[in-house]
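Chemist: Got upload.cif for you, mmCIF, C-alpha atoms:
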data_structure
loop_
_atom_site.label_atom_id
_atom_site.label_comp_id
_atom_site.auth_asym_id
_atom_site.auth_seq_id
_atom_site.Cartn_x
_atom_site.Cartn_y
_atom_site.Cartn_z
CA MET A 1467 95.71 88.10 125.47
CA LYS A 1468 97.16 84.85 126.86
CA ASP A 1469 100.94 84.86 126.85
CA PHE A 1470 102.91 82.59 124.54
CA VAL A 1471 106.44 81.77 123.51
CA PHE A 1472 107.63 83.81 120.53
CA HIS A 1473 109.88 82.19 117.94
CA ARG A 1474 111.89 83.65 115.08
CA PRO A 1475 112.83 80.88 112.66
CA SER A 1476 115.10 81.82 109.78
CA THR A 1477 114.02 79.25 107.19
CA VAL A 1478 110.75 77.74 105.97
CA ALA A 1479 111.88 74.28 107.10
CA GLU A 1480 112.71 75.56 110.59
CA ALA A 1481 109.36 77.35 110.87
CA VAL A 1482 107.44 74.22 109.86
CA ALA A 1483 109.47 72.01 112.21
CA MET A 1484 108.75 74.40 115.09
CA LEU A 1485 105.03 74.28 114.48
CA LYS A 1486 105.04 70.51 114.02
CA ALA A 1487 106.76 70.06 117.37
CA ARG A 1488 104.08 72.01 119.25
CA ASP A 1489 100.53 71.02 119.99
CA ASP A 1490 99.15 74.49 119.69
CA GLY A 1491 101.35 76.83 117.69
CA LYS A 1492 100.44 79.52 115.19
CA PHE A 1493 102.37 81.08 112.35
CA LEU A 1494 102.44 84.88 112.52
CA ALA A 1495 102.79 86.84 109.28
CA GLY A 1496 101.58 90.46 109.35
CA GLY A 1497 99.27 89.79 112.28
CA GLN A 1498 96.37 91.87 111.01
CA SER A 1499 94.00 88.92 111.38
CA LEU A 1500 95.83 86.84 113.97
CA LEU A 1501 96.36 89.59 116.55
CA PRO A 1502 92.68 90.55 116.70
CA VAL A 1503 91.90 86.83 117.10
CA LEU A 1504 94.41 86.53 119.95
CA LYS A 1505 93.14 89.70 121.61
CA LEU A 1506 89.61 88.29 121.61
CA GLU A 1507 91.05 85.00 122.90
CA LEU A 1508 89.36 83.15 120.05
CA ALA A 1509 92.69 81.36 119.79
CA GLU A 1510 95.14 80.85 122.63
CA PRO A 1511 98.28 79.37 121.11
CA THR A 1512 101.15 78.33 123.36
CA ASP A 1513 103.66 79.32 120.69
CA VAL A 1514 103.70 82.03 118.04
CA ILE A 1515 106.12 81.49 115.19
CA SER A 1516 107.03 84.68 113.36
CA LEU A 1517 107.71 84.49 109.64
CA ALA A 1518 109.31 87.95 109.53
CA GLY A 1519 112.84 86.58 109.50
CA VAL A 1520 112.24 83.92 106.85
CA PRO A 1521 113.90 85.10 103.64
CA GLY A 1522 112.53 84.62 100.14
CA LEU A 1523 108.86 85.07 101.05
CA ARG A 1524 108.65 88.74 100.05
CA ASP A 1525 109.48 88.49 96.35
CA ILE A 1526 107.15 89.27 93.47
CA ARG A 1527 108.17 87.96 90.07
CA VAL A 1528 106.79 87.15 86.66
CA ASP A 1529 107.48 83.67 85.30
CA GLY A 1530 106.11 83.12 81.81
CA ASP A 1531 102.34 83.38 82.01
CA ARG A 1532 102.23 83.57 85.81
CA VAL A 1533 102.73 86.23 88.44
CA ILE A 1534 104.23 84.75 91.58
CA ILE A 1535 103.69 86.58 94.85
CA GLY A 1536 105.59 85.55 97.97
CA ALA A 1537 103.41 84.77 100.97
CA SER A 1538 104.88 87.53 103.14
CA CYS A 1539 104.25 90.30 100.59
CA THR A 1540 102.15 93.00 102.21
CA HIS A 1541 98.99 94.28 100.57
CA ASP A 1542 100.78 97.61 100.09
CA GLN A 1543 103.63 95.86 98.32
CA VAL A 1544 101.24 94.04 95.97
CA ALA A 1545 99.28 97.24 95.32
CA ARG A 1546 102.45 99.14 94.36
CA SER A 1547 104.31 96.36 92.55
CA ALA A 1548 105.26 97.30 88.99
CA GLU A 1549 104.98 93.62 87.97
CA VAL A 1550 101.49 93.21 89.41
CA LYS A 1551 100.32 96.53 87.99
CA ALA A 1552 101.65 95.56 84.55
CA HIS A 1553 100.30 92.02 84.39
CA LEU A 1554 97.38 91.88 86.82
CA PRO A 1555 96.23 95.46 87.42
CA ALA A 1556 92.95 94.19 88.89
CA LEU A 1557 94.88 92.39 91.60
CA ALA A 1558 96.93 95.50 92.40
CA ALA A 1559 93.69 97.49 92.64
CA LEU A 1560 92.10 94.86 94.88
CA ALA A 1561 95.12 94.94 97.20
CA HIS A 1562 94.97 98.74 97.29
CA HIS A 1563 91.47 98.61 98.73
CA ILE A 1564 92.03 96.01 101.45
CA GLY A 1565 91.37 97.47 104.90
CA ASP A 1566 93.18 100.77 105.27
CA ALA A 1567 96.70 102.07 104.76
CA GLN A 1568 98.01 100.85 108.12
CA VAL A 1569 96.52 97.39 107.64
CA ARG A 1570 98.00 97.22 104.12
CA ASN A 1571 101.43 98.11 105.51
CA ARG A 1572 101.40 94.99 107.73
CA GLY A 1573 98.89 92.46 106.38
CA THR A 1574 100.18 89.82 103.96
CA ILE A 1575 98.69 87.79 101.14
CA GLY A 1576 99.75 84.50 102.73
CA GLY A 1577 98.24 85.46 106.05
CA SER A 1578 94.98 86.58 104.49
CA VAL A 1579 94.66 83.44 102.40
CA ALA A 1580 95.51 81.11 105.30
CA HIS A 1581 93.06 82.90 107.60
CA ALA A 1582 90.29 82.50 105.00
CA ASP A 1583 88.04 85.19 106.38
CA PRO A 1584 84.73 84.88 104.50
CA ALA A 1585 84.74 88.66 103.89
CA ALA A 1586 88.38 88.96 102.80
CA ASP A 1587 89.13 90.25 99.30
CA TYR A 1588 91.93 87.95 98.15
CA PRO A 1589 89.86 84.73 98.02
CA ALA A 1590 87.75 86.23 95.21
CA ALA A 1591 90.90 86.94 93.20
CA LEU A 1592 92.39 83.51 93.81
CA ILE A 1593 89.20 81.75 92.67
CA ALA A 1594 88.39 84.04 89.73
CA LEU A 1595 91.93 83.93 88.36
CA GLY A 1596 92.37 80.22 89.08
CA ALA A 1597 95.43 80.73 91.26
CA THR A 1598 97.46 77.99 92.88
CA ILE A 1599 98.79 78.07 96.41
CA LYS A 1600 102.34 76.87 96.84
CA THR A 1601 103.10 75.52 100.31
CA ASP A 1602 106.23 74.08 101.89
CA ARG A 1603 105.19 70.65 100.61
CA ARG A 1604 102.76 70.84 97.68
CA THR A 1605 100.72 72.93 95.31
CA ILE A 1606 96.99 73.39 95.96
CA ALA A 1607 94.52 74.74 93.41
CA ALA A 1608 92.51 77.65 94.81
CA ASP A 1609 89.35 75.69 93.92
CA ASP A 1610 90.40 73.03 96.45
CA PHE A 1611 91.82 75.43 99.01
CA PHE A 1612 88.93 77.34 100.59
CA THR A 1613 86.86 74.66 102.27
CA GLY A 1614 84.58 76.68 104.55
CA LEU A 1615 84.25 79.43 107.11
CA PHE A 1616 87.84 80.24 108.19
CA ALA A 1617 88.72 76.76 106.90
CA THR A 1618 91.26 75.73 104.29
CA ALA A 1619 92.88 72.62 102.88
CA LEU A 1620 96.11 73.43 104.75
CA GLU A 1621 97.42 70.79 107.09
CA ARG A 1622 98.01 71.86 110.68
CA ASP A 1623 101.72 72.56 110.19
CA GLU A 1624 101.62 73.51 106.51
CA LEU A 1625 103.00 76.90 105.47
CA ILE A 1626 102.05 78.92 102.39
CA VAL A 1627 105.20 80.15 100.63
CA ALA A 1628 103.68 81.82 97.55
CA VAL A 1629 100.56 82.33 95.47
CA HIS A 1630 100.81 81.78 91.71
CA PHE A 1631 98.39 83.80 89.58
CA PRO A 1632 97.86 83.17 85.86
CA LYS A 1633 97.87 86.37 83.84
CA ALA A 1634 94.42 87.49 82.77
CA THR A 1635 93.11 88.74 79.45
CA ARG A 1636 90.86 90.98 81.48
CA ALA A 1637 89.80 91.16 85.10
CA ALA A 1638 88.24 93.51 87.61
CA TYR A 1639 87.07 93.45 91.20
CA ALA A 1640 84.09 95.41 92.52
CA LYS A 1641 83.45 95.64 96.25
CA PHE A 1642 80.64 96.94 98.39
CA ALA A 1643 82.72 97.58 101.49
CA HIS A 1644 81.76 97.69 105.15
CA ARG A 1645 82.05 101.37 106.08
CA ALA A 1646 84.39 100.94 109.04
CA SER A 1647 86.38 97.78 108.45
CA LYS A 1648 86.45 97.89 104.63
CA TYR A 1649 85.78 94.16 104.58
CA ALA A 1650 83.60 93.06 101.68
CA VAL A 1651 79.88 92.99 102.41
CA VAL A 1652 79.89 91.67 98.85
CA GLY A 1653 82.92 91.56 96.55
CA VAL A 1654 82.87 90.15 93.03
CA MET A 1655 85.90 89.39 90.89
CA VAL A 1656 85.31 88.79 87.20
CA ALA A 1657 88.26 87.44 85.25
CA GLU A 1658 88.98 85.99 81.85
CA THR A 1659 92.10 83.86 81.67
CA ALA A 1660 93.30 81.12 79.33
CA ALA A 1661 90.98 78.83 81.32
CA GLY A 1662 87.89 80.91 80.50
CA VAL A 1663 85.65 83.38 82.30
CA ARG A 1664 85.13 83.11 86.03
CA VAL A 1665 82.99 85.02 88.50
CA ALA A 1666 83.92 84.67 92.17
CA VAL A 1667 82.01 86.15 95.10
CA THR A 1668 83.41 86.93 98.55
CA GLY A 1669 81.76 88.40 101.64
CA ALA A 1670 78.32 87.07 100.79
CA ALA A 1671 78.47 83.56 102.23
CA GLY A 1672 80.54 81.44 104.61
CA VAL A 1673 83.11 80.84 101.92
CA VAL A 1674 84.02 82.30 98.51
CA PHE A 1675 81.98 80.80 95.66
CA ARG A 1676 81.57 80.94 91.87
CA VAL A 1677 78.43 81.84 89.93
CA PRO A 1678 78.26 79.36 87.01
CA ALA A 1679 75.24 81.02 85.37
CA MET A 1680 77.09 84.32 85.17
CA GLU A 1681 80.21 82.63 83.85
CA ALA A 1682 78.21 80.90 81.10
CA ALA A 1683 76.49 84.14 80.12
CA LEU A 1684 79.74 86.11 80.01
CA SER A 1685 81.44 83.36 78.03
CA LYS A 1686 78.77 83.82 75.35
CA ALA A 1687 78.85 87.60 75.38
CA PHE A 1688 81.17 89.55 77.69
CA SER A 1689 79.00 92.50 78.62
CA ALA A 1690 77.17 93.67 81.72
CA SER A 1691 73.79 93.23 80.02
CA SER A 1692 74.52 89.50 79.66
CA LEU A 1693 73.99 89.31 83.42
CA ASP A 1694 70.46 90.72 83.25
CA GLY A 1695 68.00 88.42 84.96
CA ILE A 1696 70.61 86.14 86.54
CA THR A 1697 69.93 85.78 90.23
CA VAL A 1698 71.76 84.04 93.04
CA ALA A 1699 69.72 81.94 95.50
CA THR A 1700 69.63 83.41 99.00
CA ASP A 1701 69.70 80.05 100.83
CA ASP A 1702 73.43 80.05 101.60
CA LEU A 1703 73.96 83.82 101.84
CA ASN A 1704 74.75 85.61 105.10
CA SER A 1705 72.16 87.72 106.87
CA ASP A 1706 73.63 90.01 109.51
CA SER A 1707 73.63 93.59 110.76
CA GLU A 1708 75.33 94.72 107.55
CA ALA A 1709 72.98 93.22 105.00
CA SER A 1710 70.22 90.67 104.63
CA ALA A 1711 70.66 87.66 102.38
CA GLU A 1712 68.22 89.24 99.91
CA TYR A 1713 70.22 92.47 99.80
CA ARG A 1714 73.47 90.55 99.35
CA ALA A 1715 71.93 88.60 96.45
CA HIS A 1716 71.02 91.92 94.85
CA LEU A 1717 74.50 93.32 95.48
CA ILE A 1718 76.10 90.31 93.79
CA GLY A 1719 74.31 91.22 90.58
CA VAL A 1720 75.24 94.90 90.87
CA MET A 1721 78.89 94.27 91.76
CA ALA A 1722 79.25 91.64 89.02
CA LYS A 1723 78.01 94.14 86.42
CA ARG A 1724 80.33 96.84 87.76
CA ALA A 1725 83.25 94.42 87.56
CA VAL A 1726 82.39 93.49 83.97
CA GLN A 1727 82.16 97.17 83.04
CA ALA A 1728 85.50 97.85 84.72
CA CYS A 1729 87.23 95.06 82.80
CA ALA A 1730 89.65 96.64 80.39
CA MET B 554 110.29 88.13 131.87
CA PRO B 555 112.08 88.37 128.50
CA LYS B 556 114.15 91.45 127.75
CA LEU B 557 113.30 93.42 124.66
CA THR B 558 115.34 96.11 122.97
CA LEU B 559 113.34 98.73 121.09
CA ARG B 560 114.62 101.65 119.07
CA VAL B 561 112.13 104.49 119.55
CA ASN B 562 112.52 108.09 118.42
CA ARG B 563 116.24 107.59 117.79
CA GLN B 564 116.88 106.20 121.27
CA THR B 565 117.48 102.61 122.31
CA HIS B 566 115.49 101.21 125.23
CA THR B 567 115.72 97.81 126.89
CA ILE B 568 112.56 96.77 128.70
CA ASP B 569 111.11 93.71 130.42
CA CYS B 570 108.25 92.61 128.26
CA SER B 571 106.17 89.45 127.81
CA ALA B 572 105.86 88.08 124.28
CA SER B 573 102.19 88.99 124.14
CA THR B 574 102.78 92.68 124.95
CA LEU B 575 101.41 94.90 122.21
CA LEU B 576 103.64 97.58 120.76
CA VAL B 577 101.27 100.27 122.02
CA GLU B 578 101.42 98.84 125.56
CA ALA B 579 105.21 98.88 125.50
CA LEU B 580 105.24 102.47 124.23
CA ARG B 581 102.65 103.84 126.62
CA GLU B 582 103.05 101.77 129.78
CA GLN B 583 106.77 101.01 129.79
CA LEU B 584 108.34 103.91 127.91
CA ARG B 585 105.63 106.35 129.08
CA LEU B 586 105.23 107.70 125.56
CA THR B 587 101.55 108.42 126.07
CA GLY B 588 101.12 110.58 122.98
CA THR B 589 100.17 107.41 121.13
CA HIS B 590 96.53 106.79 122.03
CA VAL B 591 94.38 103.69 122.28
CA GLY B 592 90.91 104.36 120.92
CA CYS B 593 89.15 101.24 119.77
CA ASP B 594 91.84 98.61 120.44
CA THR B 595 90.38 96.71 117.47
CA SER B 596 92.55 98.12 114.64
CA GLN B 597 89.84 100.37 113.26
CA CYS B 598 90.31 103.88 114.68
CA GLY B 599 94.00 104.51 114.01
CA ALA B 600 94.61 106.63 117.15
CA CYS B 601 97.53 104.29 117.92
CA THR B 602 99.29 104.84 114.58
CA VAL B 603 103.08 104.97 114.78
CA HIS B 604 105.81 104.47 112.18
CA VAL B 605 107.77 101.24 112.00
CA ASP B 606 110.67 101.66 109.61
CA GLY B 607 108.82 104.65 108.19
CA ALA B 608 105.53 102.87 107.46
CA SER B 609 102.39 103.73 109.43
CA VAL B 610 101.05 100.83 111.45
CA LYS B 611 98.44 100.38 114.14
CA SER B 612 100.48 99.74 117.25
CA CYS B 613 97.51 98.01 118.92
CA THR B 614 97.77 95.33 116.24
CA MET B 615 101.46 94.58 116.41
CA LEU B 616 103.45 92.80 119.08
CA ALA B 617 106.28 94.72 120.70
CA VAL B 618 108.62 91.82 119.90
CA GLU B 619 107.81 92.23 116.21
CA ALA B 620 109.22 95.75 116.36
CA GLU B 621 112.59 94.64 117.65
CA GLY B 622 115.29 95.73 115.23
CA ALA B 623 113.06 98.36 113.61
CA GLU B 624 113.17 102.14 113.87
CA ILE B 625 109.97 103.23 115.61
CA THR B 626 108.76 106.81 115.50
CA THR B 627 105.92 108.04 117.69
CA ILE B 628 104.26 111.44 117.75
CA GLU B 629 106.82 112.50 120.37
CA GLY B 630 109.61 111.89 117.87
CA LEU B 631 108.30 114.08 115.07
CA ALA B 632 109.18 117.57 116.27
CA ASP B 633 112.72 118.88 116.06
CA GLY B 634 113.17 120.18 119.58
CA ASP B 635 110.71 123.05 119.99
CA LYS B 636 110.14 123.26 116.25
CA LEU B 637 106.99 121.41 115.25
CA HIS B 638 107.07 119.02 112.31
CA PRO B 639 105.43 120.69 109.30
CA MET B 640 102.45 118.34 109.61
CA GLN B 641 101.98 119.22 113.29
CA ALA B 642 102.27 122.91 112.43
CA ALA B 643 99.66 122.49 109.69
CA PHE B 644 97.20 120.79 112.09
CA GLN B 645 97.67 123.72 114.48
CA GLU B 646 97.39 126.35 111.74
CA HIS B 647 94.25 124.84 110.16
CA HIS B 648 92.66 123.73 113.42
CA GLY B 649 92.65 120.11 112.28
CA LEU B 650 91.38 118.89 115.64
CA GLN B 651 88.82 119.50 118.31
CA CYS B 652 89.24 117.14 121.27
CA GLY B 653 92.63 115.99 119.99
CA PHE B 654 92.27 112.30 120.81
CA CYS B 655 92.67 111.09 117.24
CA THR B 656 95.28 113.71 116.36
CA PRO B 657 98.53 111.81 117.04
CA GLY B 658 97.34 108.99 114.79
CA MET B 659 96.08 111.41 112.15
CA VAL B 660 99.41 113.21 112.06
CA MET B 661 101.47 110.01 111.88
CA SER B 662 99.25 108.60 109.15
CA ALA B 663 99.38 111.87 107.19
CA VAL B 664 103.17 112.01 107.37
CA ASP B 665 103.35 108.51 105.86
CA LEU B 666 101.06 109.61 103.01
CA CYS B 667 103.01 112.78 102.27
CA LYS B 668 106.31 110.92 102.17
CA ARG B 669 104.84 108.74 99.40
CA VAL B 670 102.77 111.36 97.58
CA LYS B 671 104.34 114.80 97.53
CA ALA B 672 101.17 116.74 96.74
CA PRO B 673 98.16 114.51 97.47
CA SER B 674 94.76 115.52 96.11
CA GLU B 675 91.80 115.90 98.44
CA PRO B 676 90.34 112.50 97.43
CA GLU B 677 93.74 110.90 97.98
CA VAL B 678 93.91 112.37 101.49
CA ARG B 679 90.37 111.28 102.33
CA THR B 680 90.96 107.76 101.02
CA TRP B 681 94.27 107.46 102.85
CA LEU B 682 92.67 108.53 106.14
CA GLU B 683 90.12 105.70 106.01
CA GLY B 684 92.10 104.05 108.78
CA ASN B 685 91.85 107.04 111.09
CA LEU B 686 88.55 107.93 112.71
CA CYS B 687 87.69 111.34 114.16
CA ARG B 688 84.45 111.73 116.09
CA CYS B 689 84.53 115.54 116.36
CA THR B 690 85.46 117.36 113.23
CA GLY B 691 83.80 115.87 110.20
CA TYR B 692 87.32 115.69 108.75
CA HIS B 693 87.10 118.98 106.85
CA ASN B 694 89.93 120.79 108.62
CA ILE B 695 91.94 117.61 108.97
CA VAL B 696 91.99 117.22 105.20
CA LYS B 697 92.92 120.89 104.81
CA ALA B 698 95.70 120.46 107.36
CA VAL B 699 97.10 117.37 105.63
CA MET B 700 97.22 119.13 102.27
CA ALA B 701 98.96 122.13 103.85
CA GLY B 702 101.26 119.76 105.74
CA ALA B 703 102.20 118.14 102.44
CA ASP B 704 103.25 121.57 101.18
CA GLY B 705 105.20 122.18 104.37
CA MET B 706 106.98 118.80 104.12
CA ASN B 707 107.66 118.87 100.43
CA GLY B 708 108.09 122.57 99.77
CA GLY B 709 104.92 122.72 97.73
CA LYS B 710 106.62 120.89 94.89
CA PRO B 711 104.95 117.91 93.26
#
Would you write out, as structure tokens, the structure that this file holds?
Modeler:
Amino acid sequence: MKDFVFHRPSTVAEAVAMLKARDDGKFLAGGQSLLPVLKLELAEPTDVISLAGVPGLRDIRVDGDRVIIGASCTHDQVARSAEVKAHLPALAALAHHIGDAQVRNRGTIGGSVAHADPAADYPAALIALGATIKTDRRTIAADDFFTGLFATALERDELIVAVHFPKATRAAYAKFAHRASKYAVVGVMVAETAAGVRVAVTGAAGVVFRVPAMEAALSKAFSASSLDGITVATDDLNSDSEASAEYRAHLIGVMAKRAVQACA
Amino acid sequence: MPKLTLRVNRQTHTIDCSASTLLVEALREQLRLTGTHVGCDTSQCGACTVHVDGASVKSCTMLAVEAEGAEITTIEGLADGDKLHPMQAAFQEHHGLQCGFCTPGMVMSAVDLCKRVKAPSEPEVRTWLEGNLCRCTGYHNIVKAVMAGADGMNGGKP
């Protein structure tokens, strides 16, 4: 790993100013994505700006019809949160199956979302639930946030401070996990909120996506059999050592049905 | 080179350490605490698991500077003098190892589980150990050892 200067800002504003002032800085949250990237020298920042000392980013609270999760909340914290379990149990369950116990003890929701790994679990939840991402300067709808492979709508020096999730009438996430890494080979979140039914797929393509045909069918009749015969085109799906595009297309159908069946 | 103060196994150490030094490098190469192993170095195998403020983490995927101000416990810090920690004793008793390479990480991970769940079920143990890979044993005796270790730690009470 190339060496860098390590910074410990104590406010959001200070953290953002530090990054802005440097040509090649990186925010560091739990480091479970960033450190592997640095070790592989896929990124070689001159400055690493730790968010560990920034207060107010680790709170989880319920505000009316929303659950607000601070960006520095670890996956373990989300999985065990009484508020999340009460109001969005599907999200708590999703967080409980990210990576493994050690990764969940360090990795954060803000870090995962900002990294935008195409096989990460959280993007499916953000899209299916219609979450919004609160940054130091604005609010971004999840629909506008994930723009491509490891790409987001964040500006270079923009910092996620929280993710706002609407409560769901029902929701569930079903994942076909990679055996070693536990990343999603295919993960499907099905959710019904005040905005309607959504089906979001992660792991299968370069970026999380929705399946409108499934959403329409479930809006008419919310049952697994409504998804019979609905297929996803293989054109944009990943083919790699884990699964071919054809197999992933098949898994999307299977995982979507499992998610529907798991919806309380 | 920047100075770094780390609190490891109830002792305070000040070391010279670049910002990019991994926690496991600081532990093994500077403090010579070589009980913590590096298996994959890609945060999959869990041989490098240590506790940071009581939570199990992969020390190959954390910077040493991030651990400043925290209480770090490595496998060397578990026993009470010559008296093995109940989880170590259970691994010995149930032969929860063959080559032993993964064992420090297994034990540290298991202790974290059994502090949270007093009497974990077999599926809970197996699920929890997803972040720790063993290439010898097929996990059978490891799982047995963890369940016995939970009894040893928590007096067999749920």
Chemist: Smallest atom-to-atom distance to chain B: which of A:Ser1578, A:Thr1512, A:Thr1598, A:Thr1668, using all atoms listed in the file?
Modeler: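 Looking at the shortest contact to chain B, the residue is A:Thr1512.
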Chemist: Can you tell me which residues surround Cys655 in chain B at a distance of at most 10 Å, considering only C-alpha atoms, apart from same-chain residues fewer than 2 positions away, and format the answer as number ranges by chain?
Modeler: B: 589-592, 598-602, 650-653, 657-660, 685-689
Chemist: For a test of reading the model, state the distance in Å between CA of Phe1611 in chain A and CA of Ala1580 in chain A, rounded to one decimal.
Modeler: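 According to the coordinates, CA of Phe1611 in chain A and CA of Ala1580 in chain A are separated by 9.2 Å.
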Chemist: Write out as a list of chain:residue names every residue belonging to chain B that has an atom at most 6 Å from any atom of chain A, counting all atoms listed in the file.
Modeler: B:Ala572, B:Ser573, B:Ser609, B:Val610, B:Thr614, B:Glu683, B:Gly684
Chemist: I would like the residues chosen by the PyMOL selection byres ((chain A and resi 1635) around 8) on the shown file; could you give them as number ranges by chain?
Modeler: A: 1633-1634, 1636-1637, 1657-1660
Chemist: Fewer than 4 positions away in the same chain doesn't count, so skip those; otherwise give me all residues within 12 Å of Gln645 in chain B, counting only C-alpha atoms, as a list of chain:residue names.
Modeler: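 With the cut-off at 12 Å, the set is B:Leu637, B:His638, B:Pro639, B:Met640, B:Gln641, B:Gly649, B:Leu650, B:Gln651, B:Gly653, B:Thr656, B:Val660, B:Asn694, B:Ile695, B:Lys697, B:Ala698, B:Val699, B:Ala701, B:Gly702.
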Chemist: Which distance in Å separates CA of Met706 in chain B and CA of Val561 in chain B, to one decimal?
Modeler: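 Taking CA of Met706 in chain B and CA of Val561 in chain B, their separation equals 21.7 Å.
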Chemist: In Å, how far is it from CA of Lys636 in chain B to CA of Glu624 in chain B?
Modeler: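 Going from CA of Lys636 in chain B over to CA of Glu624 in chain B covers 21.5 Å.
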Chemist: Fewer than 2 positions away in the same chain doesn't count, so skip those; otherwise give me all residues within 10 Å of Glu1708 in chain A, counting all atoms listed in the file, as a PyMOL selection string.
Modeler: chain A and resi 1643-1645+1651+1704-1706+1710-1711+1713-1714
Chemist: From the options A:Thr1697, A:Thr1605, A:Ser1692, A:Ser1707, which residue's atoms come nearest to Ile1626 in chain A, counting only C-alpha atoms?
Modeler: A:Thr1605
Chemist: Leaving out Thr565 in chain B and any residue of its chain fewer than 2 positions from it, which residues lie within 12 Å of it when counting all atoms listed in the file, given as a compact mmCIF listing (two decimals) with C-alpha atoms, keeping the file's coordinate frame?
Modeler:
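Full text of around10.txt as output:
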# COMPACT_ATOMS: atom_id res chain seq x y z
CA LEU B 557 113.30 93.42 124.66
CA THR B 558 115.34 96.11 122.97
CA LEU B 559 113.34 98.73 121.09
CA ARG B 560 114.62 101.65 119.07
CA VAL B 561 112.13 104.49 119.55
CA ASN B 562 112.52 108.09 118.42
CA ARG B 563 116.24 107.59 117.79
CA THR B 567 115.72 97.81 126.89
CA ILE B 568 112.56 96.77 128.70
CA LEU B 584 108.34 103.91 127.91
CA GLU B 621 112.59 94.64 117.65
CA GLY B 622 115.29 95.73 115.23
CA ALA B 623 113.06 98.36 113.61
CA GLU B 624 113.17 102.14 113.87
CA ILE B 625 109.97 103.23 115.61
CA THR B 626 108.76 106.81 115.50
Chemist: Write out as an MDAnalysis selection string each polymer residue whose atoms come within 8 Å of Val678 in chain B, counting only C-alpha atoms; drop sequence neighbours fewer than 3 positions from it.
Modeler: chainID B and resid 663 666 673:675 681:682 696 699:700
Chemist: Translate the PyMOL selection byres ((chain A and resi 1721-1726) around 7) into a concrete residue list for this structure, as a list in words.
Modeler: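 So the PyMOL selection byres ((chain A and resi 1721-1726) around 7), applied here, picks out Ala1638, Tyr1639, Ala1640, Lys1641, Gly1653, Val1654, Met1655, Val1656, Ser1689, Ala1690, Leu1693, Leu1717, Ile1718, Gly1719, Val1720, Gln1727, Ala1728 and Cys1729 of chain A.
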Chemist: Of the candidates B:Asp704, B:Asp569, B:Ala642, B:His693, which one gets nearest to Pro676 in chain B if we count all atoms listed in the file?
Modeler: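 Closest to Pro676 in chain B, using all atoms listed in the file: B:His693.
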Chemist: Written as a list in words, which residues does the PyMOL selection byres ((chain A and resi 1527) around 10) give for the file shown?
Modeler: Asp1525, Ile1526, Val1528, Asp1529, Gly1530, Arg1532, Val1533, Ile1534, Ile1535, Gly1536, Ser1547, Ala1548, Glu1549, Val1550 and His1630 of chain A
Chemist: Name the closest residue to Asp594 in chain B among the candidates B:Glu629, B:Asp606, B:Glu578, B:Asp635; distances are taken between atoms, counting all atoms listed in the file.
Modeler: B:Glu578
Chemist: Restricting the calculation to all atoms listed in the file, which member of A:Ala1687, A:Asp1490, A:Ala1558, A:Asp1602 is positioned closest to Ala1509 in chain A?
Modeler: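 Residue with the minimum atom-to-atom distance to Ala1509 in chain A: A:Asp1490.
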Chemist: Hey, could you pull the box centre and edge lengths for range 635-639 of chain B, axis-aligned, 4 Å padding per side, all listed atoms, to one decimal in Å, as JSON?
Modeler:
{"center_x": 108.1, "center_y": 121.1, "center_z": 114.6, "size_x": 13.3, "size_y": 12.2, "size_z": 18.7}
Chemist: N, CA and C atoms for range 626-635 of chain B, written as a short mmCIF file (atom, residue, chain, number, x, y, z; two decimals), in the frame of the given file, could you do that?
Modeler:
data_model
loop_
_atom_site.label_atom_id
_atom_site.label_comp_id
_atom_site.auth_asym_id
_atom_site.auth_seq_id
_atom_site.Cartn_x
_atom_site.Cartn_y
_atom_site.Cartn_z
N THR B 626 108.96 105.38 115.24
CA THR B 626 108.76 106.81 115.50
C THR B 626 107.35 107.00 116.02
N THR B 627 107.24 107.70 117.15
CA THR B 627 105.92 108.04 117.69
C THR B 627 105.73 109.54 117.51
N ILE B 628 104.56 110.01 117.89
CA ILE B 628 104.26 111.44 117.75
C ILE B 628 105.30 112.29 118.50
N GLU B 629 105.83 111.74 119.59
CA GLU B 629 106.82 112.50 120.37
C GLU B 629 108.13 112.68 119.59
N GLY B 630 108.34 111.84 118.59
CA GLY B 630 109.61 111.89 117.87
C GLY B 630 109.57 112.72 116.60
N LEU B 631 108.43 113.35 116.34
CA LEU B 631 108.30 114.08 115.07
C LEU B 631 108.94 115.47 115.11
N ALA B 632 108.69 116.19 116.21
CA ALA B 632 109.18 117.57 116.27
C ALA B 632 110.70 117.59 116.37
N ASP B 633 111.29 118.70 115.94
CA ASP B 633 112.72 118.88 116.06
C ASP B 633 112.94 119.87 117.21
N GLY B 634 113.10 119.32 118.39
CA GLY B 634 113.17 120.18 119.58
C GLY B 634 111.85 120.92 119.77
N ASP B 635 111.93 122.24 119.82
CA ASP B 635 110.71 123.05 119.99
C ASP B 635 110.03 123.33 118.65
#
